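This is target_30.txt. It holds compact mmCIF, C-alpha atoms.
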# COMPACT_ATOMS: atom_id res chain seq x y z
CA MET A 8 0.00 0.00 0.00
CA PHE A 9 1.39 3.46 -0.94
CA ASN A 10 2.71 5.37 2.08
CA LEU A 11 2.67 9.12 1.56
CA ASP A 12 5.04 9.89 4.42
CA THR A 13 7.60 7.38 3.18
CA PHE A 14 7.42 8.90 -0.31
CA LYS A 15 7.99 12.40 1.02
CA THR A 16 10.99 11.28 3.02
CA TYR A 17 12.47 9.48 -0.01
CA SER A 18 11.95 12.54 -2.21
CA ARG A 19 13.80 14.74 0.25
CA VAL A 20 16.79 12.35 0.30
CA VAL A 21 16.96 12.22 -3.52
CA ALA A 22 16.73 16.02 -3.86
CA PHE A 23 19.40 16.57 -1.21
CA GLY A 24 21.73 14.11 -2.98
CA ALA A 25 21.25 15.84 -6.35
CA VAL A 26 22.04 19.20 -4.81
CA ALA A 27 25.17 17.83 -3.18
CA ILE A 28 26.40 16.22 -6.43
CA SER A 29 25.76 19.47 -8.35
CA ALA A 30 27.72 21.48 -5.76
CA VAL A 31 30.70 19.10 -5.95
CA ALA A 32 30.68 19.19 -9.77
CA PHE A 33 30.50 23.01 -9.80
CA ALA A 34 33.39 23.30 -7.35
CA GLY A 35 35.57 20.95 -9.46
CA ALA A 36 34.89 22.91 -12.62
CA ALA A 37 35.67 26.19 -10.85
CA ASN A 38 39.03 24.86 -9.65
CA ALA A 39 39.95 23.55 -13.11
CA ALA A 40 39.30 26.77 -15.05
CA PRO A 41 37.80 29.87 -13.48
CA MET A 42 34.90 31.19 -15.43
CA GLN A 43 35.13 34.74 -16.80
CA ILE A 44 31.88 36.45 -16.16
CA PHE A 45 32.61 39.14 -18.79
CA PRO A 46 34.98 37.51 -21.30
CA PHE A 47 35.12 40.59 -23.55
CA PHE A 48 37.08 42.52 -20.87
CA GLN A 49 40.77 41.52 -21.17
CA PRO A 50 43.21 42.11 -18.32
CA LEU A 51 45.81 44.85 -18.87
CA PRO A 52 49.37 43.66 -19.67
CA PRO A 53 51.94 44.18 -16.93
CA THR A 54 53.75 47.52 -17.21
CA ALA A 55 57.56 47.89 -17.10
CA ALA A 56 59.15 49.46 -14.11
CA PRO A 57 59.63 53.23 -14.56
CA GLN A 58 63.12 54.24 -15.75
CA PRO A 59 65.15 56.70 -13.70
CA PHE A 60 65.01 60.28 -14.98
CA GLN A 61 67.82 61.17 -17.41
CA PRO A 62 68.69 64.86 -17.78
CA TYR A 63 68.67 66.21 -21.37
CA GLN A 64 72.00 65.94 -23.12
CA PRO A 65 72.48 68.15 -26.21
CA TYR A 66 73.84 66.39 -29.32
CA GLN A 67 77.55 66.72 -29.78
CA ALA A 68 79.06 65.99 -33.18
CA PRO A 69 82.13 63.72 -33.08
CA THR A 70 85.45 65.47 -33.34
CA TYR A 71 88.30 64.31 -35.51
CA GLN A 72 91.94 65.01 -34.83
CA THR A 73 93.97 65.57 -37.97
CA GLU A 74 97.68 65.15 -37.66
CA PRO A 75 99.72 67.07 -40.20
CA SER A 76 101.19 64.70 -42.74
CA GLU A 77 104.04 65.37 -45.07
CA ASP A 78 102.69 62.84 -47.57
CA GLN A 79 100.33 65.27 -49.29
CA ASP A 80 101.54 64.88 -52.85
CA ALA A 81 99.20 62.24 -54.23
CA VAL A 82 99.35 63.87 -57.68
CA GLU A 83 102.12 62.48 -59.86
CA VAL A 84 104.31 65.36 -61.10
CA PRO A 85 106.04 65.06 -64.49
CA ALA A 86 109.43 63.33 -64.39
CA ARG A 87 111.37 66.48 -65.29
CA PHE A 88 110.01 68.26 -62.21
CA ARG A 89 111.02 65.54 -59.77
CA ARG A 90 113.96 66.15 -57.45
CA GLN A 91 117.24 65.00 -59.03
CA THR A 92 120.95 65.72 -59.08
CA VAL A 93 122.05 67.45 -62.29
CA SER A 94 125.16 69.00 -63.82
CA TYR A 95 124.97 72.74 -63.28
CA ALA A 96 127.75 75.18 -64.09
CA THR A 97 127.79 78.20 -61.78
CA ARG A 98 130.24 80.38 -59.89
CA GLU A 99 127.95 80.57 -56.89
CA ALA A 100 129.08 78.92 -53.68
CA PRO A 101 127.65 75.59 -52.53
CA GLY A 102 124.45 76.10 -50.58
CA THR A 103 123.21 78.92 -52.82
CA ILE A 104 119.66 78.73 -54.14
CA ILE A 105 119.07 79.77 -57.75
CA ILE A 106 115.49 80.12 -58.95
CA ASP A 107 115.19 79.69 -62.70
CA THR A 108 111.86 81.45 -63.15
CA PRO A 109 111.44 80.93 -66.93
CA ASN A 110 112.04 77.17 -66.73
CA THR A 111 110.26 76.70 -63.36
CA TYR A 112 113.25 75.07 -61.65
CA LEU A 113 114.97 75.69 -58.34
CA TYR A 114 118.65 74.73 -58.06
CA TYR A 115 120.41 74.08 -54.80
CA VAL A 116 124.12 74.35 -55.58
CA LEU A 117 126.16 71.36 -54.40
CA GLY A 118 129.52 72.40 -55.82
CA ASN A 119 131.84 70.60 -58.25
CA GLY A 120 129.52 71.47 -61.15
CA GLN A 121 126.47 69.82 -59.64
CA ALA A 122 123.18 70.93 -58.11
CA LEU A 123 119.96 69.50 -56.82
CA ARG A 124 117.14 70.48 -59.14
CA TYR A 125 113.53 70.78 -58.01
CA GLY A 126 110.40 71.55 -60.00
CA ILE A 127 108.59 74.67 -58.81
CA GLY A 128 105.57 76.84 -59.46
CA VAL A 129 106.19 80.56 -59.99
CA GLY A 130 104.26 83.80 -60.22
CA ARG A 131 101.61 84.21 -62.85
CA ASP A 132 101.78 86.92 -65.50
CA GLY A 133 102.40 90.27 -63.87
CA PHE A 134 103.53 88.74 -60.55
CA THR A 135 107.03 87.50 -61.32
CA TRP A 136 110.01 89.28 -59.82
CA SER A 137 113.79 88.96 -59.70
CA GLY A 138 116.72 89.91 -57.54
CA ILE A 139 118.94 88.67 -54.75
CA GLN A 140 117.55 87.91 -51.32
CA SER A 141 118.44 85.69 -48.37
CA VAL A 142 116.46 83.34 -46.17
CA SER A 143 115.39 85.44 -43.18
CA ARG A 144 113.21 82.90 -41.39
CA LYS A 145 112.14 79.24 -41.54
CA ALA A 146 108.88 77.71 -40.35
CA GLU A 147 107.39 74.22 -40.20
CA TRP A 148 103.70 73.95 -41.08
CA PRO A 149 103.50 77.74 -41.17
CA ALA A 150 100.38 79.79 -40.54
CA TRP A 151 99.25 82.02 -43.37
CA THR A 152 98.34 85.68 -43.06
CA PRO A 153 97.66 87.08 -46.55
CA PRO A 154 99.34 90.48 -47.03
CA PRO A 155 97.12 93.56 -47.53
CA GLU A 156 98.02 93.68 -51.22
CA MET A 157 96.62 90.19 -51.74
CA ILE A 158 93.47 90.87 -49.71
CA ALA A 159 92.85 94.00 -51.77
CA ARG A 160 92.87 91.85 -54.92
CA GLN A 161 91.00 88.90 -53.38
CA PRO A 162 88.74 90.17 -50.55
CA TYR A 163 87.28 86.70 -49.99
CA LEU A 164 90.58 85.34 -48.62
CA PRO A 165 90.79 84.50 -44.90
CA ARG A 166 92.61 87.04 -42.76
CA HIS A 167 94.52 84.25 -41.04
CA MET A 168 94.80 80.49 -41.40
CA ALA A 169 96.49 78.12 -38.99
CA GLY A 170 99.18 75.81 -40.30
CA GLY A 171 98.32 72.29 -41.41
CA PRO A 172 97.63 70.12 -44.48
CA GLY A 173 94.91 72.47 -45.74
CA ASN A 174 97.08 75.57 -45.52
CA PRO A 175 98.26 76.98 -48.90
CA LEU A 176 101.83 77.29 -47.57
CA GLY A 177 102.13 73.55 -47.14
CA ALA A 178 104.61 71.74 -44.93
CA ARG A 179 107.50 74.25 -44.79
CA ALA A 180 108.24 77.88 -45.62
CA MET A 181 111.46 79.85 -46.07
CA TYR A 182 110.88 83.60 -45.96
CA LEU A 183 112.89 85.80 -48.31
CA GLY A 184 114.37 88.92 -46.70
CA GLY A 185 111.83 91.59 -45.82
CA THR A 186 109.63 90.82 -48.83
CA ILE A 187 106.19 89.23 -48.87
CA TYR A 188 107.61 86.29 -50.85
CA ARG A 189 108.45 82.81 -49.64
CA ILE A 190 109.65 79.47 -50.88
CA HIS A 191 106.97 77.17 -49.53
CA GLY A 192 105.12 73.91 -49.95
CA THR A 193 101.69 73.51 -51.47
CA ASN A 194 98.56 71.40 -51.07
CA ALA A 195 98.07 71.69 -54.85
CA PRO A 196 101.03 69.75 -56.32
CA GLU A 197 99.39 69.83 -59.74
CA THR A 198 100.51 73.49 -59.98
CA ILE A 199 104.20 72.54 -60.05
CA GLY A 200 105.72 73.67 -63.35
CA LYS A 201 103.03 76.33 -63.81
CA ARG A 202 102.76 80.08 -63.36
CA VAL A 203 99.89 80.52 -60.91
CA SER A 204 101.14 82.16 -57.69
CA SER A 205 101.22 85.78 -56.55
CA GLY A 206 105.01 85.74 -56.61
CA CYS A 207 105.89 83.03 -54.10
CA ILE A 208 107.86 79.95 -55.14
CA ARG A 209 105.90 76.72 -54.72
CA MET A 210 107.32 73.24 -54.22
CA THR A 211 105.75 69.90 -53.42
CA ASN A 212 105.60 69.22 -49.69
CA GLU A 213 108.13 66.42 -50.09
CA ASP A 214 110.59 68.65 -51.95
CA VAL A 215 110.21 71.70 -49.72
CA THR A 216 110.83 69.49 -46.67
CA ASP A 217 114.02 68.19 -48.27
CA LEU A 218 115.23 71.70 -49.19
CA TYR A 219 114.29 73.01 -45.73
CA SER A 220 116.61 70.44 -44.13
CA ARG A 221 119.55 71.73 -46.21
CA VAL A 222 118.98 75.48 -45.92
CA ASN A 223 120.03 77.77 -43.08
CA VAL A 224 118.87 81.26 -42.21
CA GLY A 225 121.08 83.60 -44.22
CA THR A 226 121.24 81.34 -47.31
CA LYS A 227 121.65 83.37 -50.49
CA VAL A 228 118.73 83.20 -52.94
CA ILE A 229 119.06 84.39 -56.55
CA VAL A 230 115.81 84.86 -58.48
CA LEU A 231 116.33 85.06 -62.25
CA PRO A 232 114.00 87.36 -64.21
CA MET A 233 111.26 86.00 -66.40
CA THR A 234 112.66 87.88 -69.41
CA GLU A 235 115.91 85.95 -69.17
CA ARG A 236 114.52 82.90 -70.89
CA ARG A 237 117.50 80.67 -71.43
CA ALA A 238 117.93 77.01 -72.20
CA ASP A 239 117.72 74.52 -69.37
CA LEU A 240 121.28 74.24 -68.11
CA GLY A 241 120.66 71.27 -65.83
CA THR A 242 121.54 67.85 -67.20
CA ALA A 243 120.55 64.96 -65.00
CA THR A 244 123.38 62.88 -63.58
CA ARG A 245 121.20 60.41 -61.70
Please re-express this file's structure in structure tokens.
Amino acid sequence: MFNLDTFKTYSRVVAFGAVAISAVAFAGAANAAPMQIFPFFQPLPPTAAPQPFQPYQPYQAPTYQTEPSEDQDAVEVPARFRRQTVSYATREAPGTIIIDTPNTYLYYVLGNGQALRYGIGVGRDGFTWSGIQSVSRKAEWPAWTPPPEMIARQPYLPRHMAGGPGNPLGARAMYLGGTIYRIHGTNAPETIGKRVSSGCIRMTNEDVTDLYSRVNVGTKVIVLPMTERRADLGTATR
């Protein structure tokens, strides 16, 4: 016979068991993978630790140190303008410098009918000169201060330029008496054998360094006039 009280008690037991099983299942699922209630909200990525404050440093361009070099003559000068010992007849004493303006040679007298011959650049038309002077001063890597006469003709020239490879006077200079003229090197060796200067005597840096080592203050310098165009008297001996 059906017992209502027994049925009620049985129903309560079954319902309680279902609730318990559901609770255990829900707890297991929660531990395995937490449910995101609002999956469209993503967590923010972790931020890096703040860097210490660095004061502003203005940009500084790198500096380059240029050492003067005596090997500036990359241009190949013609063979006849290269330094060589030649036969040279003269009554001048050894150590005298003779500048053959028409033939663009400089002779350093050795004696016994010989001289060292160097190729040179001389003054352009209207700027050649002649006479006898002496070396009054010597300078290595000289600074250049253009004389007023030159600045008047070429106002764009610098008023002063420190010595170095870019200086028009080159590696060495020998000043002639109280004039504005010098025997000096050049950073334009392609001008050797030409008439381009304002009256100074140009040599390659290699040659002017060699001559500088042989010359003393007081050395006699003879500059032949341009009008005295004579045959080349120097015959190479080696």
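In this structure, CA of Ala86 (chain A) sits 11.8 Å away from CA of Arg124 (chain A).
You will find CA of Arg166 (chain A) at 27.3 Å from CA of Asp214 (chain A).
One distance worth recording is that between CA of Ile199 (chain A) and CA of Tyr182 (chain A), which is 19.1 Å.
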With region 110-116 of chain A as the partner and 9 Å as the cut-off, tabulate the residues of region 163-229 of chain A that qualify, each row holding the nearest pair of atoms and their distance in Å to one decimal, using all atoms listed in the file, sorted by chain and rising number, as JSON lines.
{"residue": "A:Ile199", "atom": "CA", "partner": "A:Thr111", "partner_atom": "CA", "distance": 8.1}
{"residue": "A:Gly200", "atom": "CA", "partner": "A:Thr111", "partner_atom": "CA", "distance": 5.5}
{"residue": "A:Lys201", "atom": "CA", "partner": "A:Thr111", "partner_atom": "CA", "distance": 7.3}
{"residue": "A:Arg202", "atom": "CA", "partner": "A:Thr111", "partner_atom": "CA", "distance": 8.2}
{"residue": "A:Ile208", "atom": "CA", "partner": "A:Leu113", "partner_atom": "CA", "distance": 8.9}
{"residue": "A:Leu218", "atom": "CA", "partner": "A:Tyr115", "partner_atom": "CA", "distance": 8.0}
{"residue": "A:Arg221", "atom": "CA", "partner": "A:Tyr115", "partner_atom": "CA", "distance": 8.9}
For this session: List every protein, DNA or RNA residue that has at least one atom no more than 7 Å from (117.0, 84.1, -59.0) in the file's coordinates, counting all atoms listed in the file, and write the result as a VMD selection string.
Result: chain A and resid 105 to 107 137 to 139 228 to 232
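Residue nearest Arg89 (chain A), chosen from A:Gly206, A:Pro155, A:Gly225, A:Gly126 and counting all atoms listed in the file: A:Gly126.
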For this session: Counting only C-alpha atoms, figure out which residue out of A:Ile187, A:Val84, A:Ile104, A:Leu117 gets nearest to Glu156 (chain A).
Result: A:Ile187
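Across A:Tyr188, A:Gln121, A:Ser220, A:Pro85, the tightest approach to Thr97 (chain A) is made by A:Gln121 when counting only C-alpha atoms.
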For this session: Write out as a PyMOL selection string each polymer residue whose atoms come within 12 Å of Pro154 (chain A), counting all atoms listed in the file; drop sequence neighbours fewer than 5 positions from it.
Result: chain A and resi 159-162+164-167+186-188+205
If you keep C-alpha atoms, can you produce a file of those selected residues as an mmCIF file, keeping the file's coordinate frame?
data_model
loop_
_atom_site.group_PDB
_atom_site.id
_atom_site.type_symbol
_atom_site.label_atom_id
_atom_site.label_comp_id
_atom_site.auth_asym_id
_atom_site.auth_seq_id
_atom_site.Cartn_x
_atom_site.Cartn_y
_atom_site.Cartn_z
ATOM 1 C CA ALA A 159 92.850 94.000 -51.770
ATOM 2 C CA ARG A 160 92.870 91.850 -54.920
ATOM 3 C CA GLN A 161 91.000 88.900 -53.380
ATOM 4 C CA PRO A 162 88.740 90.170 -50.550
ATOM 5 C CA LEU A 164 90.580 85.340 -48.620
ATOM 6 C CA PRO A 165 90.790 84.500 -44.900
ATOM 7 C CA ARG A 166 92.610 87.040 -42.760
ATOM 8 C CA HIS A 167 94.520 84.250 -41.040
ATOM 9 C CA THR A 186 109.630 90.820 -48.830
ATOM 10 C CA ILE A 187 106.190 89.230 -48.870
ATOM 11 C CA TYR A 188 107.610 86.290 -50.850
ATOM 12 C CA SER A 205 101.220 85.780 -56.550
#
Exercise. Within 10 Å of Thr198 (chain A), counting only C-alpha atoms, which residues qualify if same-chain residues fewer than 4 places away don't, as a PyMOL selection string?
Worked result: chain A and resi 82+84+127-129+193-194+202-204+209-211
For this session: Find the spatial neighbours of Lys145 (chain A), counting all atoms listed in the file, within a cut-off of 9 Å - ignore same-chain residues fewer than 4 positions away - and output them as a VMD selection string.
Result: chain A and resid 149 179 to 182 219 222 to 224
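Distance check against Lys227 (chain A) using all atoms listed in the file: of A:Ala169, A:Ile190, A:Ala100, A:Ala146, the minimum falls on A:Ala100.
Using all atoms listed in the file for every distance, the candidate list A:Trp148, A:Arg131, A:Phe88, A:Thr226 yields A:Thr226 as the residue closest to Pro101 (chain A).
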